file input_23.txt (compact mmCIF, C-alpha atoms and all ligand atoms)
# COMPACT_ATOMS: atom_id res chain seq x y z
CA MET A 1486 140.40 106.82 14.72
CA ILE A 1487 136.90 108.24 14.71
CA ARG A 1488 134.34 105.51 14.08
CA ASP A 1489 131.31 107.69 13.36
CA PRO A 1490 131.88 111.48 13.25
CA GLU A 1491 128.19 112.27 13.78
CA ILE A 1492 127.90 110.12 16.90
CA LEU A 1493 131.14 111.54 18.27
CA ASP A 1494 130.01 115.13 17.63
CA ALA A 1495 126.74 114.45 19.45
CA LEU A 1496 128.66 113.00 22.41
CA LEU A 1497 131.07 115.95 22.47
CA ASP A 1498 128.13 118.40 22.33
CA ASN A 1499 126.43 116.65 25.25
CA ILE A 1500 129.59 116.60 27.35
CA SER A 1501 130.40 120.24 26.48
CA ARG A 1502 126.94 121.27 27.61
CA PHE A 1503 127.32 119.26 30.84
CA VAL A 1504 130.72 120.86 31.52
CA ARG A 1505 129.43 124.38 30.79
CA GLU A 1506 126.04 124.22 32.48
CA ARG A 1507 126.61 121.79 35.37
CA LEU A 1508 130.30 121.37 36.20
CA VAL A 1509 131.71 124.90 35.80
CA PRO A 1510 128.95 126.46 37.99
CA ASN A 1511 129.69 123.84 40.69
CA GLU A 1512 133.49 124.28 40.77
CA ASN A 1513 133.51 126.37 43.97
CA ARG A 1514 131.10 123.97 45.67
CA LEU A 1515 133.41 121.08 44.74
CA ALA A 1516 136.45 122.85 46.17
CA GLU A 1517 134.70 124.06 49.32
CA THR A 1518 133.03 120.77 50.24
CA ASP A 1519 135.93 118.58 49.00
CA ALA A 1520 133.34 116.31 47.40
CA VAL A 1521 131.64 115.84 44.04
CA PRO A 1522 127.97 116.62 44.77
CA PRO A 1523 125.82 113.44 44.63
CA ASP A 1524 123.45 114.96 42.04
CA ILE A 1525 126.43 115.55 39.74
CA VAL A 1526 127.65 111.97 40.22
CA ALA A 1527 124.19 110.72 39.23
CA GLU A 1528 124.28 112.85 36.07
CA MET A 1529 127.76 111.55 35.23
CA LYS A 1530 126.41 108.02 35.44
CA SER A 1531 123.45 108.75 33.22
CA LEU A 1532 125.71 110.41 30.62
CA GLY A 1533 127.80 107.22 30.50
CA LEU A 1534 130.96 108.95 31.72
CA PHE A 1535 132.01 106.06 33.98
CA GLY A 1536 132.14 103.74 30.96
CA LEU A 1537 133.62 105.95 28.23
CA CYS A 1538 136.56 103.61 27.54
CA ILE A 1539 135.05 100.29 28.61
CA PRO A 1540 134.13 98.06 25.62
CA GLU A 1541 130.53 98.24 24.43
CA GLU A 1542 129.95 94.54 25.12
CA TYR A 1543 130.35 95.33 28.85
CA GLY A 1544 128.05 98.35 28.79
CA GLY A 1545 130.58 101.09 28.04
CA LEU A 1546 131.00 103.39 25.04
CA GLY A 1547 134.23 101.70 23.91
CA LEU A 1548 135.87 104.95 22.73
CA THR A 1549 138.93 104.66 20.52
CA MET A 1550 142.03 106.52 21.72
CA GLU A 1551 141.39 109.44 19.37
CA GLU A 1552 137.78 109.68 20.51
CA GLU A 1553 138.92 109.46 24.14
CA VAL A 1554 141.42 112.32 23.85
CA ARG A 1555 138.84 114.49 22.09
CA VAL A 1556 136.46 113.86 24.99
CA ALA A 1557 139.29 114.62 27.46
CA PHE A 1558 139.96 117.97 25.69
CA VAL A 1559 136.40 118.91 26.72
CA LEU A 1560 136.41 117.38 30.20
CA GLY A 1561 139.70 119.12 30.96
CA GLN A 1562 137.98 122.49 30.76
CA THR A 1563 136.65 122.32 34.30
CA SER A 1564 138.07 121.39 37.72
CA PRO A 1565 140.11 118.20 37.21
CA ALA A 1566 138.57 116.62 40.33
CA PHE A 1567 135.29 116.16 38.43
CA ARG A 1568 137.03 114.01 35.81
CA SER A 1569 138.93 112.15 38.51
CA MET A 1570 135.61 110.82 39.85
CA PHE A 1571 135.19 108.57 36.81
CA GLY A 1572 138.78 108.78 35.49
CA THR A 1573 140.03 105.65 37.25
CA ASN A 1574 137.05 103.60 36.01
CA ASN A 1575 137.96 104.44 32.43
CA GLY A 1576 141.71 104.48 32.86
CA ILE A 1577 144.17 103.05 35.32
CA GLY A 1578 141.52 101.26 37.43
CA SER A 1579 139.87 99.25 34.65
CA GLN A 1580 142.40 99.01 31.82
CA GLY A 1581 144.42 96.22 33.46
CA ILE A 1582 141.28 94.05 33.44
CA ILE A 1583 140.36 95.14 29.89
CA MET A 1584 143.85 94.49 28.49
CA ASP A 1585 144.87 91.36 30.36
CA GLY A 1586 141.91 90.08 32.42
CA THR A 1587 140.30 86.67 31.99
CA PRO A 1588 136.84 86.52 30.35
CA ALA A 1589 135.34 85.81 33.79
CA GLN A 1590 137.06 88.84 35.37
CA LYS A 1591 135.85 91.07 32.53
CA ALA A 1592 132.29 89.77 32.72
CA HIS A 1593 132.17 90.17 36.50
CA TYR A 1594 133.67 93.63 36.97
CA LEU A 1595 133.47 95.67 33.76
CA PRO A 1596 129.67 96.13 33.61
CA LYS A 1597 129.69 97.46 37.19
CA LEU A 1598 132.55 99.84 36.40
CA ALA A 1599 130.89 101.02 33.16
CA SER A 1600 127.66 101.91 34.94
CA GLY A 1601 129.42 103.61 37.84
CA GLU A 1602 127.91 101.14 40.30
CA MET A 1603 131.50 100.38 41.35
CA VAL A 1604 134.62 102.58 41.39
CA ALA A 1605 138.04 101.08 40.55
CA SER A 1606 141.44 102.21 41.85
CA PHE A 1607 144.95 101.40 40.65
CA ALA A 1608 147.45 100.64 43.41
CA LEU A 1609 151.07 100.67 42.28
CA THR A 1610 152.86 103.37 44.32
CA GLU A 1611 154.21 102.60 47.79
CA PRO A 1612 155.96 104.61 50.51
CA GLY A 1613 159.32 103.27 49.27
CA ALA A 1614 158.50 102.83 45.57
CA GLY A 1615 157.30 105.77 43.46
CA SER A 1616 159.24 106.48 40.28
CA ASP A 1617 161.11 103.22 40.85
CA ALA A 1618 157.85 101.27 40.77
CA ALA A 1619 159.60 97.97 39.98
CA SER A 1620 161.11 98.02 43.48
CA LEU A 1621 157.69 97.68 45.09
CA ALA A 1622 157.62 95.56 48.24
CA THR A 1623 153.97 94.56 48.71
CA SER A 1624 153.90 90.76 48.72
CA ALA A 1625 151.24 88.30 47.55
CA ARG A 1626 152.15 84.84 48.86
CA ARG A 1627 150.26 81.90 47.40
CA ASP A 1628 148.50 79.86 50.08
CA GLY A 1629 146.13 77.18 48.77
CA ASP A 1630 143.45 78.80 46.64
CA CYS A 1631 144.31 82.31 47.89
CA TYR A 1632 147.05 84.92 47.76
CA VAL A 1633 147.94 86.54 51.09
CA LEU A 1634 148.77 90.24 50.63
CA ASN A 1635 150.96 92.33 52.93
CA GLY A 1636 152.15 95.88 52.30
CA THR A 1637 151.08 99.52 51.93
CA LYS A 1638 150.10 101.43 48.79
CA ARG A 1639 150.33 105.25 48.84
CA TYR A 1640 148.42 108.17 47.25
CA ILE A 1641 145.81 105.89 45.70
CA THR A 1642 143.25 107.95 43.75
CA ASN A 1643 139.62 107.21 44.63
CA ALA A 1644 140.65 104.66 47.28
CA PRO A 1645 138.06 106.01 49.75
CA GLU A 1646 135.33 105.42 47.13
CA ALA A 1647 136.71 102.27 45.47
CA GLY A 1648 134.87 98.97 45.25
CA ILE A 1649 137.92 97.24 43.74
CA PHE A 1650 141.66 97.84 43.64
CA THR A 1651 144.03 96.63 40.93
CA VAL A 1652 147.04 95.89 43.12
CA MET A 1653 150.57 95.27 41.91
CA ALA A 1654 152.33 92.89 44.30
CA ARG A 1655 155.33 90.60 44.37
CA THR A 1656 154.25 86.97 44.03
CA ASP A 1657 157.85 85.78 44.38
CA PRO A 1658 159.13 87.87 47.31
CA ALA A 1659 162.66 86.52 46.89
CA ALA A 1660 162.98 87.81 43.30
CA LYS A 1661 164.10 91.37 42.60
CA GLY A 1662 162.87 93.66 39.80
CA SER A 1663 159.70 93.53 37.76
CA ALA A 1664 159.59 89.84 36.75
CA ALA A 1665 158.03 88.71 40.03
CA ILE A 1666 155.28 91.35 40.06
CA SER A 1667 151.68 90.26 39.50
CA ALA A 1668 148.41 92.20 39.29
CA LEU A 1669 145.50 91.20 41.50
CA ILE A 1670 141.95 92.46 41.90
CA VAL A 1671 141.13 93.09 45.56
CA GLU A 1672 137.57 93.87 46.59
CA ARG A 1673 136.72 96.48 49.19
CA GLY A 1674 135.66 94.82 52.45
CA THR A 1675 138.12 91.95 52.10
CA PRO A 1676 139.36 91.21 55.65
CA GLY A 1677 142.89 92.56 56.09
CA LEU A 1678 142.35 95.55 53.76
CA SER A 1679 142.16 98.96 55.43
CA LEU A 1680 142.49 102.60 54.37
CA GLY A 1681 144.62 105.41 55.80
CA ARG A 1682 143.31 108.90 56.43
CA ILE A 1683 142.42 110.96 53.37
CA ASP A 1684 145.45 112.99 52.19
CA ARG A 1685 145.28 116.79 52.43
CA LYS A 1686 146.40 117.95 49.00
CA MET A 1687 147.59 121.22 47.42
CA GLY A 1688 144.73 121.14 44.91
CA GLN A 1689 142.17 118.98 43.10
CA HIS A 1690 139.93 119.13 46.17
CA GLY A 1691 137.02 116.76 45.71
CA ALA A 1692 139.34 114.02 44.38
CA HIS A 1693 140.57 111.82 47.18
CA THR A 1694 143.70 109.79 47.77
CA CYS A 1695 144.84 107.73 50.74
CA ASP A 1696 146.99 104.78 51.76
CA VAL A 1697 145.67 101.28 51.13
CA ILE A 1698 147.02 98.83 53.69
CA PHE A 1699 147.12 95.03 53.39
CA GLU A 1700 147.66 92.92 56.49
CA ASP A 1701 147.37 89.19 55.81
CA CYS A 1702 144.65 90.06 53.32
CA ARG A 1703 143.44 86.84 51.65
CA VAL A 1704 142.45 87.27 48.02
CA PRO A 1705 141.01 84.41 45.93
CA ALA A 1706 143.59 83.10 43.42
CA GLU A 1707 141.00 83.57 40.65
CA ASN A 1708 141.52 87.35 41.14
CA LEU A 1709 145.01 87.17 39.66
CA ILE A 1710 144.61 89.30 36.50
CA GLY A 1711 144.77 87.05 33.45
CA GLY A 1712 145.49 84.06 35.72
CA VAL A 1713 149.23 84.50 35.09
CA GLU A 1714 151.89 85.38 37.66
CA GLY A 1715 154.85 87.65 36.89
CA VAL A 1716 153.29 89.81 34.17
CA GLY A 1717 151.69 92.44 36.44
CA PHE A 1718 154.38 95.03 35.84
CA LYS A 1719 153.92 94.74 32.09
CA THR A 1720 150.18 95.18 32.60
CA ALA A 1721 150.82 98.28 34.74
CA MET A 1722 153.14 99.83 32.13
CA LYS A 1723 150.61 99.24 29.30
CA VAL A 1724 147.92 100.84 31.43
CA LEU A 1725 150.16 103.84 32.14
CA ASP A 1726 151.03 104.27 28.44
CA LYS A 1727 147.38 104.83 27.69
CA GLY A 1728 146.83 106.82 30.88
CA ARG A 1729 149.65 109.23 30.03
CA LEU A 1730 148.03 110.13 26.76
CA HIS A 1731 144.73 110.71 28.51
CA ILE A 1732 146.37 113.01 31.08
CA ALA A 1733 148.13 114.89 28.26
CA ALA A 1734 144.71 115.50 26.68
CA VAL A 1735 143.28 116.71 30.00
CA CYS A 1736 146.23 119.15 30.21
CA VAL A 1737 145.27 120.55 26.79
CA GLY A 1738 141.68 121.04 27.98
CA ALA A 1739 142.75 122.71 31.24
CA ALA A 1740 145.14 125.05 29.40
CA GLU A 1741 142.37 126.01 26.95
CA ARG A 1742 140.09 126.93 29.84
CA MET A 1743 142.74 128.94 31.69
CA LEU A 1744 143.74 130.81 28.54
CA ARG A 1745 140.13 131.57 27.62
CA ASP A 1746 139.52 133.02 31.11
CA ALA A 1747 142.76 135.02 30.96
CA LEU A 1748 141.95 136.43 27.51
CA ARG A 1749 138.51 137.53 28.67
CA TYR A 1750 140.04 139.13 31.77
CA ALA A 1751 142.71 140.90 29.70
CA MET A 1752 140.08 142.33 27.36
CA ASP A 1753 137.96 143.62 30.29
CA ARG A 1754 140.61 144.88 32.67
CA LYS A 1755 141.76 148.44 31.97
CA GLN A 1756 145.03 150.05 33.09
CA PHE A 1757 146.68 153.19 31.73
CA GLY A 1758 143.36 153.94 30.05
CA GLN A 1759 143.14 150.83 27.90
CA PRO A 1760 142.44 147.10 28.14
CA ILE A 1761 145.57 145.26 29.30
CA ALA A 1762 145.07 142.93 26.28
CA GLU A 1763 146.35 145.80 24.13
CA PHE A 1764 149.75 145.82 25.82
CA GLN A 1765 152.22 143.88 23.75
CA LEU A 1766 153.88 142.31 26.80
CA VAL A 1767 150.51 140.82 27.78
CA GLN A 1768 149.92 139.78 24.17
CA ALA A 1769 153.24 137.88 24.25
CA MET A 1770 151.97 135.80 27.18
CA LEU A 1771 148.71 135.12 25.36
CA ALA A 1772 150.44 134.23 22.10
CA ASP A 1773 153.09 131.98 23.67
CA SER A 1774 150.36 130.11 25.53
CA LYS A 1775 148.22 129.70 22.41
CA THR A 1776 151.20 128.43 20.42
CA GLU A 1777 152.28 125.87 23.01
CA LEU A 1778 148.69 124.74 23.45
CA TYR A 1779 148.33 124.15 19.74
CA ALA A 1780 151.55 122.12 19.70
CA ALA A 1781 150.39 119.96 22.61
CA ARG A 1782 147.00 119.37 21.02
CA CYS A 1783 148.64 118.22 17.77
CA MET A 1784 151.00 115.90 19.65
CA VAL A 1785 148.19 114.29 21.62
CA LEU A 1786 146.07 113.73 18.51
CA ASP A 1787 149.01 112.30 16.57
CA ALA A 1788 149.96 109.88 19.37
CA ALA A 1789 146.31 108.83 19.77
CA GLN A 1790 145.95 108.16 16.04
CA ARG A 1791 149.16 106.10 16.09
CA ARG A 1792 147.85 104.01 18.99
CA ASP A 1793 144.57 103.41 17.16
CA ALA A 1794 146.59 102.30 14.11
CA GLY A 1795 148.29 99.66 16.25
CA GLU A 1796 151.69 101.36 16.43
CA ASN A 1797 153.84 101.18 19.55
CA MET A 1798 153.55 104.73 20.87
CA ASN A 1799 155.39 104.38 24.16
CA THR A 1800 157.79 107.19 23.19
CA GLU A 1801 155.04 109.42 21.77
CA ALA A 1802 152.85 108.93 24.88
CA SER A 1803 155.74 110.06 27.09
CA CYS A 1804 156.55 112.99 24.76
CA ALA A 1805 152.90 114.08 24.86
CA LYS A 1806 152.61 113.75 28.66
CA LEU A 1807 155.91 115.56 29.21
CA PHE A 1808 155.18 118.44 26.85
CA ALA A 1809 151.47 118.85 27.61
CA SER A 1810 151.84 118.78 31.41
CA GLU A 1811 154.80 121.19 31.40
CA MET A 1812 152.95 123.41 28.89
CA CYS A 1813 149.92 123.40 31.19
CA GLY A 1814 152.10 124.57 34.10
CA ARG A 1815 153.57 127.40 32.02
CA VAL A 1816 150.13 128.46 30.79
CA ALA A 1817 148.79 128.42 34.38
CA ASP A 1818 151.68 130.61 35.49
CA ARG A 1819 151.20 133.14 32.67
CA CYS A 1820 147.44 133.24 33.24
CA VAL A 1821 147.95 134.07 36.94
CA GLN A 1822 150.33 136.82 35.80
CA ILE A 1823 147.76 138.22 33.35
CA HIS A 1824 145.22 138.37 36.20
CA GLY A 1825 147.69 140.33 38.38
CA GLY A 1826 146.61 140.42 42.05
CA ALA A 1827 143.26 138.94 41.07
CA GLY A 1828 145.13 135.79 40.02
CA TYR A 1829 146.43 135.28 43.53
CA VAL A 1830 143.10 135.48 45.34
CA SER A 1831 140.42 132.85 45.10
CA ASP A 1832 137.68 134.99 43.49
CA TYR A 1833 138.86 133.83 40.06
CA ALA A 1834 139.15 130.22 38.91
CA ILE A 1835 142.79 130.66 37.86
CA GLU A 1836 144.02 130.60 41.48
CA ARG A 1837 142.45 127.14 41.89
CA PHE A 1838 143.56 125.85 38.47
CA TYR A 1839 147.15 126.93 39.17
CA ARG A 1840 147.19 124.53 42.16
CA ASP A 1841 145.10 121.84 40.46
CA VAL A 1842 147.27 121.45 37.35
CA ARG A 1843 150.51 121.12 39.32
CA LEU A 1844 149.70 117.44 39.82
CA PHE A 1845 149.86 116.65 36.10
CA ARG A 1846 153.66 116.94 36.13
CA ILE A 1847 153.90 114.43 38.98
CA TYR A 1848 151.49 111.51 38.70
CA GLU A 1849 151.37 108.75 36.09
CA GLY A 1850 155.14 109.27 35.84
CA THR A 1851 156.91 112.53 36.70
CA SER A 1852 158.35 114.74 33.94
CA GLN A 1853 161.80 113.34 34.73
CA ILE A 1854 160.54 109.77 34.29
CA GLN A 1855 159.00 110.72 30.91
CA GLN A 1856 162.41 112.12 29.90
CA LEU A 1857 164.09 108.87 30.92
CA VAL A 1858 161.57 106.78 28.95
CA ILE A 1859 162.00 108.91 25.83
CA ALA A 1860 165.82 108.88 25.96
CA ARG A 1861 165.98 105.15 26.79
CA ASN A 1862 163.78 104.34 23.77
CA MET A 1863 165.87 106.61 21.52
CA ILE A 1864 169.09 104.87 22.56
CA ARG A 1865 167.54 101.40 22.19
CA ASP A 1866 166.17 102.20 18.72
CA ALA A 1867 169.48 103.64 17.57
CA ALA A 1868 171.34 100.58 18.86
CA ASN A 1869 168.96 98.27 16.98
CA SER A 1870 169.01 100.17 13.69
C1 LIG P 1 147.24 113.21 44.00
C2 LIG P 1 148.00 111.98 43.60
C3 LIG P 1 147.33 110.91 43.05
C4 LIG P 1 148.01 109.73 42.75
N1 LIG P 1 147.30 108.63 42.31
C5 LIG P 1 147.93 107.43 42.22
C6 LIG P 1 147.18 106.24 41.96
O1 LIG P 1 145.95 106.26 41.78
N2 LIG P 1 147.85 105.06 41.93
C7 LIG P 1 149.20 104.97 42.11
O2 LIG P 1 149.74 103.87 42.07
N3 LIG P 1 149.95 106.09 42.35
C8 LIG P 1 149.34 107.31 42.43
N4 LIG P 1 150.06 108.45 42.69
C9 LIG P 1 151.50 108.34 42.88
C10 LIG P 1 152.32 109.03 41.79
O3 LIG P 1 152.25 108.30 40.59
C11 LIG P 1 153.75 109.20 42.33
O4 LIG P 1 153.69 110.19 43.35
C12 LIG P 1 154.75 109.56 41.25
O5 LIG P 1 154.95 108.49 40.37
C13 LIG P 1 156.11 109.96 41.85
O6 LIG P 1 156.55 109.07 42.81
P1 LIG P 1 157.03 109.63 44.22
O7 LIG P 1 155.97 110.51 44.76
O8 LIG P 1 157.44 108.48 45.08
O9 LIG P 1 158.28 110.54 43.92
P2 LIG P 1 159.82 110.03 43.76
O10 LIG P 1 159.89 108.84 42.89
O11 LIG P 1 160.43 109.93 45.13
O12 LIG P 1 160.43 111.26 42.99
C14 LIG P 1 160.85 112.46 43.65
C15 LIG P 1 161.60 113.30 42.62
O13 LIG P 1 162.76 112.58 42.14
C16 LIG P 1 162.73 112.48 40.74
N5 LIG P 1 163.32 111.21 40.31
C17 LIG P 1 163.05 109.96 40.78
N6 LIG P 1 163.77 109.07 40.12
C18 LIG P 1 164.52 109.73 39.20
C19 LIG P 1 165.48 109.37 38.21
N7 LIG P 1 165.80 108.09 38.01
N8 LIG P 1 166.03 110.34 37.47
C20 LIG P 1 165.71 111.63 37.66
N9 LIG P 1 164.82 112.05 38.57
C21 LIG P 1 164.22 111.11 39.33
C22 LIG P 1 161.25 112.56 40.38
O14 LIG P 1 161.05 112.94 39.02
C23 LIG P 1 160.76 113.60 41.36
O15 LIG P 1 161.07 114.87 40.88
C24 LIG P 1 149.41 109.65 42.96
C25 LIG P 1 150.10 110.76 43.48
C26 LIG P 1 149.42 111.90 43.80
C27 LIG P 1 150.18 113.05 44.42

call {"tool": "encode", "arguments": {"input": "input_23.txt", "output": "structure tokens", "more": "lines below"}}
Ligand SMILES: Cc1cc2nc3c(=O)[nH]c(=O)nc-3n(C[C@H](O)[C@H](O)[C@H](O)COP(=O)(O)OP(=O)(O)OC[C@H]3O[C@@H](n4cnc5c(N)ncnc54)[C@H](O)[C@@H]3O)c2cc1C
result
Amino acid sequence: MIRDPEILDALLDNISRFVRERLVPNENRLAETDAVPPDIVAEMKSLGLFGLCIPEEYGGLGLTMEEEVRVAFVLGQTSPAFRSMFGTNNGIGSQGIIMDGTPAQKAHYLPKLASGEMVASFALTEPGAGSDAASLATSARRDGDCYVLNGTKRYITNAPEAGIFTVMARTDPAAKGSAAISALIVERGTPGLSLGRIDRKMGQHGAHTCDVIFEDCRVPAENLIGGVEGVGFKTAMKVLDKGRLHIAAVCVGAAERMLRDALRYAMDRKQFGQPIAEFQLVQAMLADSKTELYAARCMVLDAAQRRDAGENMNTEASCAKLFASEMCGRVADRCVQIHGGAGYVSDYAIERFYRDVRLFRIYEGTSQIQQLVIARNMIRDAANS
């Protein structure tokens, strides 16, 4: 749903200009320094990027899902680590509070997240619980007016920068499965919370992950999201449903950028006396990429429109994430191929993108987990019909 096409177009124009004039020229600096330059962070704040999806009443732009994916198509066209800087504030870090938080939790945290004053992280994964997130072992034992947290969370995006963590923990350590999992907001600086060393990653340099460790970390009971125990896993799954669609849209943006660069290269680069773009075998790679990209874009928009219309789009979100992230990987591979040797050395952006986009098939649910979600829903629907 687009609320006001003129306002959205103005926003998209502004963000496109920012991507083109400020982010793309700083991609190498981002990768080399492994940090988003502070002047760029300040500009992101002033453009409202930290609050894109936070409701207007808390200082954000309150984008609908369709508006959000259209923005992500644009933001995806530069190094993904730039988007990651404010991605958790709009997505997995804040959505648990937006969807299920108490009025007091919303009023306290959302304005700070929307302005970028505070960064939010989402802490679900553990050393022993990745795809099987419901088997998580971090415990949150009630003790008076506090919960006492113990456990380790792994690969937590923006943990080194985060002011708050949405942590999924087991409030009934004896119970198995998802029913005993609750979501809690834990503030940085809480005694008993510490961070591991920053992970050295294959790509997306400038976006940081690390372990988040809880050792008898006492968290006020009022930080239990929604004030209700045992519904944290449901909160996490709702957050991921939305997040998957956002990542699918970023994949579309990244593929558009890679393909545009590859097309330009193919039109410039001459072999056998003519531009390589005139060879039909190169054209096949361009055409297959364009076709798959178009399909992914249509899927993302359709799923976003369904979500805005209030439909359950759990299956469509997984279909979009699965197809768009795998498509992005295939496009990256073909674009390296079109660049030949130049695609393997770091003078061209494609070498970096090839590594950066590999993550999209892994986080917020691997491709195999998306397949399981889709098939499980198909079987359930058929059994109920
Ligand atoms: C850079 C980065 C950032 C991340 N950010 C966050 C974050 O902010 N917050 C957070 O909570 N997590 C985060 N994650 C964690 C991420 O979501 C997990 O890595 C991902 O869900 C996979 O879990 P895993 O690594 O334990 O792999 P595993 O679950 O061990 O999977 C390994 C392989 O087995 C396959 N597999 C597992 N189960 C099945 C099955 N039932 N059927 C078929 N195949 C299966 C998987 O698809 C995969 O191919 C991040 C990870 C990375 C690398």

call {"tool": "residues_near_ligand", "arguments": {"input": "input_23.txt", "ligand": "ligand LIG 1 (chain P)", "cutoff": "6 Å", "atoms": "all atoms listed in the file", "output": "PyMOL selection string"}}
result
chain A and resi 1607-1610+1614-1616+1640-1642+1847-1851+1853-1854

call {"tool": "closest_residue", "arguments": {"input": "input_23.txt", "among": "A:Pro1596, A:Pro1588, A:Gly1712, A:Pro1522", "to": "Leu1537 (chain A)", "atoms": "only C-alpha atoms"}}
result
A:Pro1596

call {"tool": "residues_around", "arguments": {"input": "input_23.txt", "residues": "Asn1643 (chain A)", "least_positions_apart": "3", "cutoff": "8 Å", "atoms": "all atoms listed in the file", "output": "list in words"}}
result
Ser1569, Met1570, Thr1573, Val1604, Ala1605, Ser1606, Glu1646, Ala1647, Ala1692, His1693 and Thr1694 of chain A

call {"tool": "closest_atom_pairs", "arguments": {"input": "input_23.txt", "of": "region 1810-1835 of chain A", "to": "region 1741-1750 of chain A", "cutoff": "8 Å", "atoms": "all atoms listed in the file", "output": "JSON lines"}}
result
{"residue": "A:Val1816", "atom": "CA", "partner": "A:Leu1744", "partner_atom": "CA", "distance": 7.2}
{"residue": "A:Ala1817", "atom": "CA", "partner": "A:Met1743", "partner_atom": "CA", "distance": 6.6}
{"residue": "A:Cys1820", "atom": "CA", "partner": "A:Ala1747", "partner_atom": "CA", "distance": 5.5}
{"residue": "A:Val1821", "atom": "CA", "partner": "A:Ala1747", "partner_atom": "CA", "distance": 8.0}
{"residue": "A:Ile1823", "atom": "CA", "partner": "A:Ala1747", "partner_atom": "CA", "distance": 6.4}
{"residue": "A:His1824", "atom": "CA", "partner": "A:Ala1747", "partner_atom": "CA", "distance": 6.7}
{"residue": "A:Ile1835", "atom": "CA", "partner": "A:Met1743", "partner_atom": "CA", "distance": 6.4}

call {"tool": "atom_distance", "arguments": {"input": "input_23.txt", "atom1": "CA of Asp1628 (chain A)", "atom2": "CA of Leu1709 (chain A)"}}
result
13.2 Å

call {"tool": "atom_distance", "arguments": {"input": "input_23.txt", "atom1": "CA of Val1554 (chain A)", "atom2": "CA of Arg1792 (chain A)"}}
result
11.6 Å

call {"tool": "residues_around", "arguments": {"input": "input_23.txt", "residues": "Asp1773 (chain A)", "least_positions_apart": "6", "cutoff": "10 Å", "atoms": "all atoms listed in the file", "output": "list in words"}}
result
Tyr1779, Arg1815, Val1816 and Arg1819 of chain A

call {"tool": "write_last_selection", "arguments": {"input": "input_23.txt", "atoms": "C-alpha atoms", "output": "short mmCIF file (atom, residue, chain, number, x, y, z; two decimals), in the coordinates of the input"}}
result
data_model
loop_
_atom_site.label_atom_id
_atom_site.label_comp_id
_atom_site.auth_asym_id
_atom_site.auth_seq_id
_atom_site.Cartn_x
_atom_site.Cartn_y
_atom_site.Cartn_z
CA TYR A 1779 148.33 124.15 19.74
CA ARG A 1815 153.57 127.40 32.02
CA VAL A 1816 150.13 128.46 30.79
CA ARG A 1819 151.20 133.14 32.67
#

call {"tool": "closest_residue", "arguments": {"input": "input_23.txt", "among": "A:Leu1807, A:Leu1857, A:Ile1698, A:Leu1598", "to": "Val1785 (chain A)", "atoms": "all atoms listed in the file"}}
result
A:Leu1807

call {"tool": "closest_residue", "arguments": {"input": "input_23.txt", "among": "A:Ala1721, A:Ala1654, A:Leu1496, A:Ala1520", "to": "Gly1576 (chain A)", "atoms": "only C-alpha atoms"}}
result
A:Ala1721

call {"tool": "closest_residue", "arguments": {"input": "input_23.txt", "among": "A:Asn1511, A:Leu1680, A:Thr1800, A:Ala1794", "to": "Asn1862 (chain A)", "atoms": "only C-alpha atoms"}}
result
A:Thr1800

call {"tool": "atom_distance", "arguments": {"input": "input_23.txt", "atom1": "CA of Ala1660 (chain A)", "atom2": "CA of Arg1627 (chain A)"}}
result
14.6 Å

call {"tool": "axis_aligned_box", "arguments": {"input": "input_23.txt", "around": "region 1652-1665 of chain A", "padding_each_side": "5 Å", "output": "lines of an AutoDock Vina configuration file"}}
result
center_x = 155.6
center_y = 90.8
center_z = 42.0
size_x = 27.1
size_y = 20.1
size_z = 20.6

call {"tool": "closest_residue", "arguments": {"input": "input_23.txt", "among": "A:Ala1751, A:Ala1659, A:Val1559, A:Ala1625", "to": "Val1737 (chain A)", "atoms": "all atoms listed in the file"}}
result
A:Val1559
